[in-house]
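Shown below: structure.cif, with mmCIF, C-alpha atoms.
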```
data_final
#
loop_
_atom_site.label_atom_id
_atom_site.label_comp_id
_atom_site.auth_asym_id
_atom_site.auth_seq_id
_atom_site.Cartn_x
_atom_site.Cartn_y
_atom_site.Cartn_z
CA MET R 1 14.84 40.99 60.99
CA ALA R 2 16.06 39.30 64.16
CA ARG R 3 14.05 38.72 67.36
CA ASN R 4 14.79 38.65 71.04
CA VAL R 5 13.09 38.90 74.42
CA GLU R 6 14.19 41.85 76.55
CA ILE R 7 13.86 43.06 80.10
CA LYS R 8 15.24 46.19 81.75
CA ALA R 9 15.63 46.71 85.49
CA ARG R 10 16.92 49.51 87.69
CA ILE R 11 19.69 48.10 89.88
CA ASP R 12 21.54 49.32 92.95
CA SER R 13 25.03 48.37 91.77
CA VAL R 14 26.51 47.40 88.41
CA ASP R 15 29.53 46.01 90.26
CA ARG R 16 27.41 43.70 92.47
CA ILE R 17 25.54 42.23 89.49
CA ALA R 18 28.78 42.04 87.45
CA ALA R 19 30.36 39.82 90.11
CA ILE R 20 27.46 37.36 89.79
CA ALA R 21 27.33 37.61 85.98
CA ALA R 22 31.06 36.82 85.77
CA THR R 23 30.43 33.44 87.42
CA LEU R 24 27.70 32.60 84.89
CA ALA R 25 29.20 34.08 81.73
CA ASP R 26 30.65 32.25 78.75
CA GLN R 27 32.25 35.54 77.62
CA GLY R 28 32.93 38.95 79.09
CA PRO R 29 33.09 41.39 80.50
CA THR R 30 33.50 43.73 77.56
CA GLU R 31 33.38 47.49 78.24
CA ILE R 32 31.60 49.54 75.56
CA ALA R 33 31.02 53.31 75.47
CA GLN R 34 27.80 54.06 73.57
CA ASP R 35 26.27 57.30 72.36
CA ASP R 36 22.71 56.68 71.11
CA THR R 37 20.75 59.30 69.16
CA PHE R 38 17.03 58.50 68.81
CA PHE R 39 14.96 59.80 65.93
CA ARG R 40 11.23 60.43 65.73
CA CYS R 41 9.04 57.54 64.56
CA GLU R 42 5.34 57.56 63.69
CA LYS R 43 4.39 54.46 65.73
CA SER R 44 4.87 54.48 69.50
CA THR R 45 6.16 50.88 69.36
CA ASP R 46 8.93 51.78 66.88
CA ARG R 47 12.39 53.13 67.68
CA LEU R 48 15.17 54.25 65.36
CA LYS R 49 18.54 55.01 66.90
CA LEU R 50 22.04 55.64 65.73
CA ARG R 51 24.57 54.07 68.09
CA THR R 52 28.03 55.61 67.82
CA PHE R 53 31.07 53.75 69.14
CA ALA R 54 33.78 55.87 67.45
CA PRO R 55 33.94 58.58 64.74
CA ASP R 56 34.26 55.85 62.09
CA ARG R 57 32.04 53.14 63.61
CA GLY R 58 28.37 53.03 64.40
CA GLU R 59 25.12 51.15 63.87
CA LEU R 60 21.70 52.30 62.77
CA ILE R 61 19.22 50.20 64.75
CA PHE R 62 15.51 49.93 64.09
CA TYR R 63 13.46 48.01 66.64
CA ARG R 64 9.82 47.42 67.46
CA ARG R 65 8.51 46.38 70.88
CA VAL R 66 5.69 47.20 73.25
CA ASP R 67 6.46 49.33 76.29
CA SER R 68 5.81 47.10 79.28
CA SER R 69 7.84 46.46 82.41
CA GLY R 70 8.10 42.67 82.03
CA PRO R 71 9.91 40.58 79.44
CA LYS R 72 8.77 41.50 75.93
CA GLU R 73 9.51 40.40 72.41
CA SER R 74 11.46 42.78 70.20
CA PHE R 75 12.07 42.74 66.44
CA TYR R 76 15.19 44.53 65.25
CA LEU R 77 17.40 45.28 62.27
CA ILE R 78 21.00 46.54 62.60
CA THR R 79 22.85 48.33 59.79
CA PRO R 80 26.55 49.15 60.33
CA THR R 81 27.93 52.55 59.27
CA THR R 82 31.41 54.05 58.96
CA THR R 83 30.05 57.61 58.92
CA PRO R 84 27.85 57.96 62.02
CA ASP R 85 28.16 61.76 62.30
CA ALA R 86 27.01 62.35 58.70
CA LEU R 87 24.21 59.81 59.13
CA ARG R 88 23.09 61.52 62.39
CA GLU R 89 22.94 64.87 60.57
CA SER R 90 20.91 63.41 57.66
CA LEU R 91 18.42 61.65 59.93
CA THR R 92 18.08 64.71 62.16
CA LEU R 93 17.23 66.85 59.14
CA ALA R 94 14.76 64.27 57.79
CA TRP R 95 13.03 63.08 60.98
CA GLY R 96 14.21 65.19 63.92
CA GLN R 97 15.84 63.91 67.08
CA ALA R 98 13.77 62.39 69.87
CA GLY R 99 16.65 62.36 72.35
CA ARG R 100 20.16 61.24 73.11
CA VAL R 101 21.45 58.65 75.57
CA ARG R 102 25.08 58.24 76.61
CA LYS R 103 26.08 55.18 78.57
CA GLN R 104 28.93 52.95 79.60
CA ARG R 105 27.95 49.32 79.04
CA ARG R 106 29.53 46.20 80.52
CA LEU R 107 28.57 43.20 78.40
CA PHE R 108 28.53 39.53 79.40
CA LEU R 109 27.29 36.61 77.29
CA VAL R 110 25.47 33.91 79.24
CA GLY R 111 24.53 31.25 76.71
CA ARG R 112 22.39 33.03 74.13
CA THR R 113 21.60 35.93 76.47
CA ARG R 114 23.34 39.27 76.31
CA VAL R 115 23.66 40.69 79.83
CA HIS R 116 24.08 44.47 79.68
CA LEU R 117 25.10 46.34 82.82
CA ASP R 118 24.62 50.00 82.00
CA ARG R 119 25.66 53.23 83.70
CA VAL R 120 23.39 55.72 81.95
CA GLU R 121 24.30 59.40 82.10
CA GLY R 122 21.61 61.27 84.05
CA LEU R 123 19.65 58.10 84.99
CA GLY R 124 21.77 55.68 87.01
CA GLU R 125 22.49 51.96 86.79
CA PHE R 126 20.49 49.33 84.94
CA LEU R 127 20.48 45.68 83.92
CA GLU R 128 19.22 44.77 80.47
CA LEU R 129 18.82 41.17 79.33
CA GLU R 130 18.40 40.23 75.68
CA VAL R 131 17.58 36.58 75.03
CA VAL R 132 18.18 35.96 71.31
CA LEU R 133 15.40 33.84 69.79
CA GLN R 134 15.86 31.30 67.02
CA GLU R 135 13.80 31.53 63.83
CA GLY R 136 10.26 30.36 64.63
CA GLU R 137 10.96 29.92 68.36
CA PRO R 138 8.09 31.07 70.59
CA ALA R 139 8.75 34.15 72.70
CA ASP R 140 7.64 32.22 75.81
CA ALA R 141 10.92 30.29 75.75
CA GLY R 142 12.88 33.53 75.92
CA VAL R 143 10.61 34.91 78.64
CA ALA R 144 11.23 31.84 80.80
CA GLU R 145 14.97 32.13 80.23
CA ALA R 146 14.95 35.84 81.14
CA HIS R 147 13.03 35.17 84.37
CA ALA R 148 15.44 32.36 85.35
CA LEU R 149 18.48 34.56 84.74
CA MET R 150 16.92 37.47 86.64
CA ALA R 151 16.54 35.18 89.66
CA ARG R 152 20.16 33.98 89.41
CA LEU R 153 21.33 37.61 89.24
CA GLY R 154 19.20 38.60 92.25
CA VAL R 155 16.92 40.98 90.35
CA ALA R 156 13.31 41.20 91.54
CA GLU R 157 10.17 41.85 89.46
CA ASN R 158 9.60 45.17 91.26
CA GLN R 159 12.90 46.46 89.81
CA LEU R 160 11.69 46.14 86.21
CA VAL R 161 11.17 49.36 84.28
CA GLN R 162 9.16 50.21 81.20
CA GLY R 163 10.41 51.93 78.06
CA ALA R 164 13.74 52.85 76.54
CA TYR R 165 16.36 54.95 78.30
CA VAL R 166 15.40 57.89 76.09
CA ASP R 167 11.81 57.63 77.44
CA LEU R 168 13.05 57.55 81.03
CA LEU R 169 15.20 60.64 80.43
CA ARG R 170 12.25 62.50 78.87
CA ALA R 171 9.97 61.55 81.77
CA GLN R 172 12.59 62.68 84.27
CA ALA R 173 12.94 66.05 82.52
CA ALA R 174 9.15 66.64 82.48
#
```
Translate this structure into structure tokens?
Amino acid sequence: MARNVEIKARIDSVDRIAAIAATLADQGPTEIAQDDTFFRCEKSTDRLKLRTFAPDRGELIFYRRVDSSGPKESFYLITPTTTPDALRESLTLAWGQAGRVRKQRRLFLVGRTRVHLDRVEGLGEFLELEVVLQEGEPADAGVAEAHALMARLGVAENQLVQGAYVDLLRAQAA
């Protein structure tokens, strides 16, 4: 399993943040259309999602993290698949779907941090930072890096949101 530190923030403009990120980035931008299907999990800290990029390309992603609005450590495992539709059907029959999220993601790499600028269908625009941690590295190092990058991108603490996009969509529907 790999580890990272993540934050998610609601932003006013993907394009405004992208202009800043472009000046900081080592790579990017890369445009990625993503269709994420979430499946039911027993523990509230666990998530299982199938991310589909194309009919013959997807990833099954398991991750575990607490739901808090600040930077938090996440453990994850990614398994590629060439049959995402068949896998979605199998997992739906076995576990049931918890929701679906469609988004257009603009990805920048700033050092070891993945900067995601997301336009989420039905929710709006978001920034997600993922600071990849080295084996045995304390999460505090990633938290400090996330805070520093938030400041450089002009994102304030009061913009941080809690939970996954699927949780925000469910809360909005309720």
Kindly assemble as JSON lines a list of the stretch 77-161 of chain R residues that lie within 6 Å of stretch 23-26 of chain R, each paired with its nearest atom pair and their distance in Å to one decimal, using only C-alpha atoms, sorted first by chain and then by ascending residue number.
```
{"residue": "R:Phe108", "atom": "CA", "partner": "R:Ala25", "partner_atom": "CA", "distance": 6.0}
{"residue": "R:Leu109", "atom": "CA", "partner": "R:Ala25", "partner_atom": "CA", "distance": 5.5}
{"residue": "R:Val110", "atom": "CA", "partner": "R:Ala25", "partner_atom": "CA", "distance": 4.5}
```
>> Translate the PyMOL selection byres ((chain R and resi 38) around 10) into a concrete residue list for this structure, as a PyMOL selection string.
In response: chain R and resi 35-37+39-41+47-51+60-62+88+91-92+95-101+166
> What do you get, as a ChimeraX atom specification, if you spell out every residue that the PyMOL selection byres ((chain R and resi 70-87) around 8) selects here?
Replying inline: /R:1-8,50-52,55-66,68-69,88-91,139,143,146-147,157,160-162
>> For a test of reading the model, state the distance in Å between atom CA of R:Gly163 and atom CA of R:Met150, rounded to one decimal.
In response: 18.0 Å
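Checking R:Ile11, R:Ile17, R:Leu93, R:Val132 one by one against R:Leu153, counting only C-alpha atoms, you find the shortest gap at R:Ile17.
Atom CA of R:Arg102 is found 21.6 Å from atom CA of R:Thr45.
Minimum distance to R:Arg112 across R:Gln134, R:Gln159, R:Gln172, R:Ser44 (counting only C-alpha atoms) occurs at R:Gln134.
Between atom CA of R:Phe53 and atom CA of R:Phe126 lies a distance of 19.5 Å.
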Starting from the incomplete input, reconstruct all heavy atoms of stretch 21-32 of chain R and write that as an mmCIF file, in the frame of the given file.
```
data_model
loop_
_atom_site.group_PDB
_atom_site.id
_atom_site.type_symbol
_atom_site.label_atom_id
_atom_site.label_comp_id
_atom_site.auth_asym_id
_atom_site.auth_seq_id
_atom_site.Cartn_x
_atom_site.Cartn_y
_atom_site.Cartn_z
ATOM 1 N N ALA R 21 27.331 37.904 87.412
ATOM 2 C CA ALA R 21 27.330 37.610 85.980
ATOM 3 C C ALA R 21 28.645 36.963 85.548
ATOM 4 O O ALA R 21 28.645 36.057 84.701
ATOM 5 C CB ALA R 21 27.066 38.881 85.179
ATOM 6 N N ALA R 22 29.758 37.376 86.131
ATOM 7 C CA ALA R 22 31.060 36.820 85.770
ATOM 8 C C ALA R 22 31.129 35.325 86.063
ATOM 9 O O ALA R 22 31.804 34.585 85.337
ATOM 10 C CB ALA R 22 32.175 37.567 86.501
ATOM 11 N N THR R 23 30.429 34.871 87.093
ATOM 12 C CA THR R 23 30.430 33.440 87.420
ATOM 13 C C THR R 23 29.553 32.630 86.475
ATOM 14 O O THR R 23 29.722 31.416 86.369
ATOM 15 C CB THR R 23 29.969 33.189 88.876
ATOM 16 O OG1 THR R 23 28.580 33.513 89.001
ATOM 17 C CG2 THR R 23 30.791 33.986 89.870
ATOM 18 N N LEU R 24 28.628 33.273 85.793
ATOM 19 C CA LEU R 24 27.700 32.600 84.890
ATOM 20 C C LEU R 24 28.101 32.715 83.425
ATOM 21 O O LEU R 24 27.641 31.929 82.585
ATOM 22 C CB LEU R 24 26.297 33.220 85.037
ATOM 23 C CG LEU R 24 25.681 33.257 86.434
ATOM 24 C CD1 LEU R 24 24.394 34.073 86.407
ATOM 25 C CD2 LEU R 24 25.439 31.859 86.951
ATOM 26 N N ALA R 25 28.942 33.684 83.114
ATOM 27 C CA ALA R 25 29.200 34.080 81.730
ATOM 28 C C ALA R 25 30.104 33.105 80.979
ATOM 29 O O ALA R 25 31.050 32.549 81.533
ATOM 30 C CB ALA R 25 29.806 35.470 81.691
ATOM 31 N N ASP R 26 29.783 32.956 79.692
ATOM 32 C CA ASP R 26 30.650 32.250 78.750
ATOM 33 C C ASP R 26 31.700 33.204 78.198
ATOM 34 O O ASP R 26 32.788 32.775 77.822
ATOM 35 C CB ASP R 26 29.818 31.690 77.580
ATOM 36 C CG ASP R 26 28.701 30.785 78.053
ATOM 37 O OD1 ASP R 26 28.974 29.869 78.838
ATOM 38 O OD2 ASP R 26 27.548 31.013 77.633
ATOM 39 N N GLN R 27 31.344 34.502 78.120
ATOM 40 C CA GLN R 27 32.250 35.540 77.620
ATOM 41 C C GLN R 27 32.008 36.832 78.380
ATOM 42 O O GLN R 27 30.904 37.090 78.834
ATOM 43 C CB GLN R 27 31.991 35.814 76.135
ATOM 44 C CG GLN R 27 32.340 34.691 75.206
ATOM 45 C CD GLN R 27 32.046 35.071 73.760
ATOM 46 O OE1 GLN R 27 32.255 36.206 73.348
ATOM 47 N NE2 GLN R 27 31.548 34.122 72.995
ATOM 48 N N GLY R 28 33.057 37.634 78.469
ATOM 49 C CA GLY R 28 32.930 38.950 79.090
ATOM 50 C C GLY R 28 33.701 39.007 80.389
ATOM 51 O O GLY R 28 34.232 38.006 80.852
ATOM 52 N N PRO R 29 33.803 40.192 80.926
ATOM 53 C CA PRO R 29 33.090 41.390 80.500
ATOM 54 C C PRO R 29 33.811 42.144 79.377
ATOM 55 O O PRO R 29 35.019 42.098 79.259
ATOM 56 C CB PRO R 29 33.086 42.251 81.769
ATOM 57 C CG PRO R 29 34.362 41.875 82.473
ATOM 58 C CD PRO R 29 34.577 40.413 82.154
ATOM 59 N N THR R 30 33.010 42.828 78.584
ATOM 60 C CA THR R 30 33.500 43.730 77.560
ATOM 61 C C THR R 30 32.937 45.116 77.877
ATOM 62 O O THR R 30 31.730 45.250 78.077
ATOM 63 C CB THR R 30 33.014 43.296 76.155
ATOM 64 O OG1 THR R 30 33.445 41.951 75.920
ATOM 65 C CG2 THR R 30 33.556 44.214 75.081
ATOM 66 N N GLU R 31 33.811 46.117 77.958
ATOM 67 C CA GLU R 31 33.380 47.490 78.240
ATOM 68 C C GLU R 31 33.145 48.221 76.919
ATOM 69 O O GLU R 31 33.995 48.179 76.029
ATOM 70 C CB GLU R 31 34.444 48.236 79.057
ATOM 71 C CG GLU R 31 34.690 47.650 80.431
ATOM 72 C CD GLU R 31 33.566 47.915 81.423
ATOM 73 O OE1 GLU R 31 32.814 48.896 81.240
ATOM 74 O OE2 GLU R 31 33.443 47.137 82.391
ATOM 75 N N ILE R 32 31.970 48.876 76.799
ATOM 76 C CA ILE R 32 31.600 49.540 75.560
ATOM 77 C C ILE R 32 31.008 50.913 75.893
ATOM 78 O O ILE R 32 30.008 51.004 76.606
ATOM 79 C CB ILE R 32 30.538 48.735 74.781
ATOM 80 C CG1 ILE R 32 30.968 47.275 74.605
ATOM 81 C CG2 ILE R 32 30.258 49.384 73.435
ATOM 82 C CD1 ILE R 32 29.847 46.359 74.161
#
```
